[in-house]
Structures are given as C-alpha cells and as structure tokens.
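*Asks:* Coordinates in target-v1.pdb, PDB, C-alpha atoms, pLDDT in the B column, are listed below.
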```pdb
ATOM      1  CA  GLN A1465     -55.737 -12.469  66.184  1.00 83.00           C
ATOM      2  CA  VAL A1466     -53.150 -10.249  67.876  1.00 91.00           C
ATOM      3  CA  GLN A1467     -49.373 -10.548  67.872  1.00 95.00           C
ATOM      4  CA  LEU A1468     -47.577  -8.906  70.786  1.00 97.00           C
ATOM      5  CA  VAL A1469     -43.925  -7.892  71.108  1.00 97.00           C
ATOM      6  CA  GLU A1470     -42.477  -6.560  74.365  1.00 98.00           C
ATOM      7  CA  SER A1471     -39.428  -4.306  74.614  1.00 98.00           C
ATOM      8  CA  GLY A1472     -37.739  -1.999  77.080  1.00 98.00           C
ATOM      9  CA  GLY A1473     -36.466  -4.472  79.613  1.00 97.00           C
ATOM     10  CA  GLY A1474     -32.939  -4.380  80.950  1.00 98.00           C
ATOM     11  CA  LEU A1475     -30.851  -3.781  84.025  1.00 98.00           C
ATOM     12  CA  ALA A1476     -31.714  -1.053  86.510  1.00 98.00           C
ATOM     13  CA  GLN A1477     -30.541  -0.126  89.960  1.00 98.00           C
ATOM     14  CA  ALA A1478     -32.907  -0.120  92.902  1.00 98.00           C
ATOM     15  CA  GLY A1479     -34.814   3.147  92.868  1.00 98.00           C
ATOM     16  CA  GLY A1480     -34.419   3.494  89.134  1.00 98.00           C
ATOM     17  CA  SER A1481     -36.943   3.395  86.313  1.00 98.00           C
ATOM     18  CA  LEU A1482     -37.699   1.452  83.171  1.00 98.00           C
ATOM     19  CA  ARG A1483     -40.510   1.708  80.646  1.00 98.00           C
ATOM     20  CA  LEU A1484     -41.753  -1.423  78.983  1.00 98.00           C
ATOM     21  CA  SER A1485     -43.616  -1.346  75.693  1.00 98.00           C
ATOM     22  CA  CYS A1486     -45.994  -3.901  74.237  1.00 98.00           C
ATOM     23  CA  ALA A1487     -46.460  -3.369  70.513  1.00 97.00           C
ATOM     24  CA  ALA A1488     -49.337  -5.157  68.842  1.00 95.00           C
ATOM     25  CA  SER A1489     -50.243  -6.024  65.316  1.00 93.00           C
ATOM     26  CA  GLY A1490     -53.794  -6.698  64.241  1.00 81.00           C
ATOM     27  CA  ARG A1491     -56.749  -4.461  63.550  1.00 76.00           C
ATOM     28  CA  THR A1492     -58.614  -5.542  66.669  1.00 88.00           C
ATOM     29  CA  PHE A1493     -56.040  -4.336  69.220  1.00 90.00           C
ATOM     30  CA  SER A1494     -58.335  -1.643  70.586  1.00 91.00           C
ATOM     31  CA  SER A1495     -60.976  -4.223  71.480  1.00 93.00           C
ATOM     32  CA  TYR A1496     -58.709  -6.079  73.919  1.00 95.00           C
ATOM     33  CA  THR A1497     -57.840  -5.530  77.529  1.00 96.00           C
ATOM     34  CA  ILE A1498     -54.055  -5.666  77.862  1.00 97.00           C
ATOM     35  CA  ASN A1499     -52.444  -7.114  80.946  1.00 98.00           C
ATOM     36  CA  TRP A1500     -48.865  -7.290  82.148  1.00 98.00           C
ATOM     37  CA  PHE A1501     -47.713 -10.390  84.011  1.00 98.00           C
ATOM     38  CA  ARG A1502     -44.326 -11.339  85.391  1.00 98.00           C
ATOM     39  CA  ARG A1503     -42.559 -14.509  86.365  1.00 98.00           C
ATOM     40  CA  ALA A1504     -39.649 -14.372  88.767  1.00 97.00           C
ATOM     41  CA  PRO A1505     -37.194 -17.274  89.043  1.00 92.00           C
ATOM     42  CA  GLY A1506     -38.709 -20.117  91.015  1.00 94.00           C
ATOM     43  CA  LYS A1507     -42.050 -18.350  91.408  1.00 96.00           C
ATOM     44  CA  ALA A1508     -45.441 -18.604  89.809  1.00 97.00           C
ATOM     45  CA  ARG A1509     -46.610 -16.160  87.173  1.00 96.00           C
ATOM     46  CA  GLU A1510     -48.086 -13.025  88.722  1.00 97.00           C
ATOM     47  CA  PHE A1511     -50.528 -10.455  87.398  1.00 98.00           C
ATOM     48  CA  VAL A1512     -48.966  -6.988  87.559  1.00 98.00           C
ATOM     49  CA  ALA A1513     -51.283  -4.505  85.867  1.00 98.00           C
ATOM     50  CA  GLY A1514     -54.081  -4.295  83.340  1.00 98.00           C
ATOM     51  CA  VAL A1515     -55.711  -1.600  81.206  1.00 98.00           C
ATOM     52  CA  SER A1516     -59.164  -1.765  79.647  1.00 96.00           C
ATOM     53  CA  ASP A1517     -59.738  -1.591  75.907  1.00 94.00           C
ATOM     54  CA  SER A1518     -60.457   2.147  76.009  1.00 92.00           C
ATOM     55  CA  GLY A1519     -57.719   2.899  78.511  1.00 91.00           C
ATOM     56  CA  GLY A1520     -60.259   4.270  80.929  1.00 92.00           C
ATOM     57  CA  SER A1521     -59.762   1.643  83.620  1.00 96.00           C
ATOM     58  CA  THR A1522     -56.564   0.322  85.139  1.00 98.00           C
ATOM     59  CA  THR A1523     -55.825  -2.262  87.817  1.00 98.00           C
ATOM     60  CA  TYR A1524     -52.603  -3.017  89.699  1.00 98.00           C
ATOM     61  CA  VAL A1525     -51.349  -5.665  92.052  1.00 98.00           C
ATOM     62  CA  ASP A1526     -50.801  -4.143  95.492  1.00 98.00           C
ATOM     63  CA  SER A1527     -47.028  -4.548  95.386  1.00 98.00           C
ATOM     64  CA  VAL A1528     -46.659  -2.113  92.458  1.00 98.00           C
ATOM     65  CA  LYS A1529     -49.347   0.439  93.274  1.00 98.00           C
ATOM     66  CA  GLY A1530     -47.904   3.937  93.343  1.00 98.00           C
ATOM     67  CA  ARG A1531     -44.770   2.815  91.494  1.00 98.00           C
ATOM     68  CA  PHE A1532     -45.991   1.391  88.166  1.00 98.00           C
ATOM     69  CA  THR A1533     -48.302   3.027  85.646  1.00 98.00           C
ATOM     70  CA  ILE A1534     -49.954   1.246  82.751  1.00 98.00           C
ATOM     71  CA  SER A1535     -51.227   3.186  79.747  1.00 98.00           C
ATOM     72  CA  ARG A1536     -52.131   2.571  76.145  1.00 97.00           C
ATOM     73  CA  ASP A1537     -52.102   4.386  72.832  1.00 96.00           C
ATOM     74  CA  ASN A1538     -54.604   2.709  70.549  1.00 94.00           C
ATOM     75  CA  ALA A1539     -53.534   4.855  67.605  1.00 94.00           C
ATOM     76  CA  GLN A1540     -50.054   3.354  67.939  1.00 95.00           C
ATOM     77  CA  ASN A1541     -51.269  -0.134  68.951  1.00 96.00           C
ATOM     78  CA  THR A1542     -49.002   0.053  71.987  1.00 97.00           C
ATOM     79  CA  VAL A1543     -49.332  -0.416  75.738  1.00 98.00           C
ATOM     80  CA  TYR A1544     -46.751   0.921  78.155  1.00 98.00           C
ATOM     81  CA  LEU A1545     -45.725  -0.031  81.660  1.00 98.00           C
ATOM     82  CA  GLN A1546     -43.812   2.766  83.357  1.00 98.00           C
ATOM     83  CA  MET A1547     -41.942   1.323  86.312  1.00 98.00           C
ATOM     84  CA  ASN A1548     -40.508   3.726  88.861  1.00 98.00           C
ATOM     85  CA  ASN A1549     -38.769   3.210  92.182  1.00 98.00           C
ATOM     86  CA  LEU A1550     -37.800  -0.286  91.128  1.00 98.00           C
ATOM     87  CA  LYS A1551     -36.970  -2.869  93.759  1.00 98.00           C
ATOM     88  CA  PRO A1552     -34.884  -6.050  93.516  1.00 97.00           C
ATOM     89  CA  GLU A1553     -38.086  -8.048  93.987  1.00 97.00           C
ATOM     90  CA  ASP A1554     -39.357  -6.631  90.686  1.00 98.00           C
ATOM     91  CA  THR A1555     -36.764  -8.757  88.910  1.00 98.00           C
ATOM     92  CA  ALA A1556     -38.636 -11.055  86.535  1.00 98.00           C
ATOM     93  CA  VAL A1557     -39.518 -11.754  82.938  1.00 98.00           C
ATOM     94  CA  TYR A1558     -42.394  -9.437  82.058  1.00 98.00           C
ATOM     95  CA  TYR A1559     -45.051 -10.514  79.574  1.00 98.00           C
ATOM     96  CA  CYS A1560     -47.920  -8.629  78.030  1.00 97.00           C
ATOM     97  CA  ALA A1561     -51.107 -10.457  77.173  1.00 97.00           C
ATOM     98  CA  ALA A1562     -54.294  -9.546  75.343  1.00 96.00           C
ATOM     99  CA  GLY A1563     -57.596 -10.768  76.650  1.00 94.00           C
ATOM    100  CA  SER A1564     -61.242 -10.048  77.266  1.00 92.00           C
ATOM    101  CA  GLY A1565     -60.833  -8.521  80.710  1.00 92.00           C
ATOM    102  CA  ILE A1566     -58.496  -7.654  83.544  1.00 89.00           C
ATOM    103  CA  GLY A1567     -56.260 -10.629  84.281  1.00 89.00           C
ATOM    104  CA  SER A1568     -57.278 -12.540  81.192  1.00 90.00           C
ATOM    105  CA  PHE A1569     -54.960 -13.788  78.458  1.00 93.00           C
ATOM    106  CA  SER A1570     -55.757 -15.057  74.990  1.00 92.00           C
ATOM    107  CA  TYR A1571     -52.526 -13.953  73.319  1.00 95.00           C
ATOM    108  CA  TRP A1572     -49.039 -13.595  74.772  1.00 96.00           C
ATOM    109  CA  GLY A1573     -45.855 -11.800  73.882  1.00 97.00           C
ATOM    110  CA  GLN A1574     -42.438 -13.441  74.167  1.00 97.00           C
ATOM    111  CA  GLY A1575     -41.435 -11.587  77.325  1.00 98.00           C
ATOM    112  CA  THR A1576     -38.718  -9.122  78.281  1.00 98.00           C
ATOM    113  CA  GLN A1577     -36.260  -9.505  81.158  1.00 98.00           C
ATOM    114  CA  VAL A1578     -36.136  -6.904  83.913  1.00 98.00           C
ATOM    115  CA  THR A1579     -33.301  -7.135  86.418  1.00 98.00           C
ATOM    116  CA  VAL A1580     -33.047  -4.778  89.369  1.00 98.00           C
ATOM    117  CA  SER A1581     -29.821  -4.684  91.338  1.00 98.00           C
ATOM    118  CA  SER A1582     -29.619  -3.605  94.959  1.00 94.00           C
TER
END
```
Could you write out this structure as structure tokens?

*Replies:*
Amino acid sequence: QVQLVESGGGLAQAGGSLRLSCAASGRTFSSYTINWFRRAPGKAREFVAGVSDSGGSTTYVDSVKGRFTISRDNAQNTVYLQMNNLKPEDTAVYYCAAGSGIGSFSYWGQGTQVTVSS
C-alpha cells in the first residue's frame, strides 16, 4: 500500500511557475507509475502527466506539453510536477495517484489547489 501527500500548490500569476510535490510512504513506491490528474471547477477529472516506475518514460496531455515536466526521485519517494508558463486554465485541484501504468490509479493523494490569475 502507498500513501501519497501532495504539496506546493498555491496562487500564481499567468506566466509564472509552481512546483508540486507528491511524497509517498511505503516500500513499494518505486514499483508504481505515478500520475498527476487535475479537476477544475465544473469539469471532469483530467489526466495531466505520468512517469513510469523507473522514471524513464513520461507522458503529458497535449495542453501542458512544453510547459510542465514530471520527474521522480525514488530515493526520496517523491514525484515532482514542475509547472512553467502557467495559464488561468491550469487552475484546478491537482492530485497525484499511484498505479500500474500511465493514467492508472490505485491510490490517491488528498489534492493541492493551484490557482492562476490572469
């Protein structure tokens, strides 16, 4: 079992940056793919980015390609989502999830709010 805790959300201006962290507990962290999802007000949950268990493969939704970077440090049991050139449409609650592949989710964190002002 894996417990996930997100941090790093907050308020940013359009064009600014934030870095989200997803800290995990559990000895099996390095065996999971970690995915970031987001849910904006009134919208369905959306896959944002995923990183394979080794960190060697990453996937992004088209709307964040070139702006967001996902990475992981298995020694620190942490996954990061570096978000640059933020846009108001990036405003959402961001969740990390552990699963067996890209886009999958067996365990969830509690979420962290990201608000981007124009």

*Asks:* For a quick check of understanding, using all atoms listed in the file, which of A:Pro1505, A:Gly1519, A:Gly1480, A:Gly1530 has the smallest distance to Val1557 of chain A?

*Replies:*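 Distance minimum relative to Val1557 of chain A lands on A:Pro1505.
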
*Asks:* Smallest atom-to-atom distance to Gly1490 of chain A: which of A:Asn1541, A:Ala1556, A:Arg1531, A:Val1525, using only C-alpha atoms?

*Replies:*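 Looking at the shortest contact to Gly1490 of chain A, the residue is A:Asn1541.
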
*Asks:* Spell out the residues picked by the PyMOL selection byres ((chain A and resi 1559) around 8) here, as a PyMOL selection string.

*Replies:* chain A and resi 1470+1500-1502+1557-1558+1560-1561+1572-1576

*Asks:* Could you give me, as a ChimeraX atom specification, the residues within 8 Å of segment 1513-1516 of chain A, counting all atoms listed in the file and dropping anything in the same chain fewer than 5 positions from it?

*Replies:* /A:1496-1501,1521-1525,1534-1536,1565-1567

*Asks:* Under the rule that only C-alpha atoms are counted, which of A:Ser1570, A:Thr1555, A:Asn1538, A:Gln1546 is the nearest residue to Ser1582 of chain A?

*Replies:*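 Closest to Ser1582 of chain A of all the choices is A:Thr1555.
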
*Asks:* Between atom CA of Leu1545 of chain A and atom CA of Leu1482 of chain A, what is the distance in Å, rounded to a tenth?

*Replies:*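 These atoms are spaced 8.3 Å apart.
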
*Asks:* With only C-alpha atoms as the basis for distance, which of A:Phe1511, A:Tyr1544, A:Phe1532, A:Phe1569 is at the shortest distance from Ser1471 of chain A?

*Replies:*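 Between A:Phe1511, A:Tyr1544, A:Phe1532, A:Phe1569, the residue approaching Ser1471 of chain A most closely is A:Tyr1544.
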
*Asks:* Pick the closest to Val1469 of chain A from A:Ser1489, A:Gln1577, A:Arg1483, A:Val1528: which is it, counting only C-alpha atoms?

*Replies:* A:Ser1489

*Asks:* Could you give me, as a list in words, the residues within 10 Å of Ser1527 of chain A, counting all atoms listed in the file and dropping anything in the same chain fewer than 6 positions from it?

*Replies:*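 Residues near the query, excluding close chain neighbours: Val1512, Glu1553 and Asp1554 of chain A.
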
*Asks:* So that I can see what lies close to Tyr1571 of chain A, please list as a ChimeraX atom specification the residues with an atom at most 7 Å from it, counting all atoms listed in the file and leaving out residues fewer than 3 positions away in the same chain.

*Replies:* /A:1466,1561-1563

*Asks:* What is the distance between atom CA of Ser1481 of chain A and atom CA of Arg1509 of chain A, in Å to one decimal?

*Replies:*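 It comes out at 21.8 Å.
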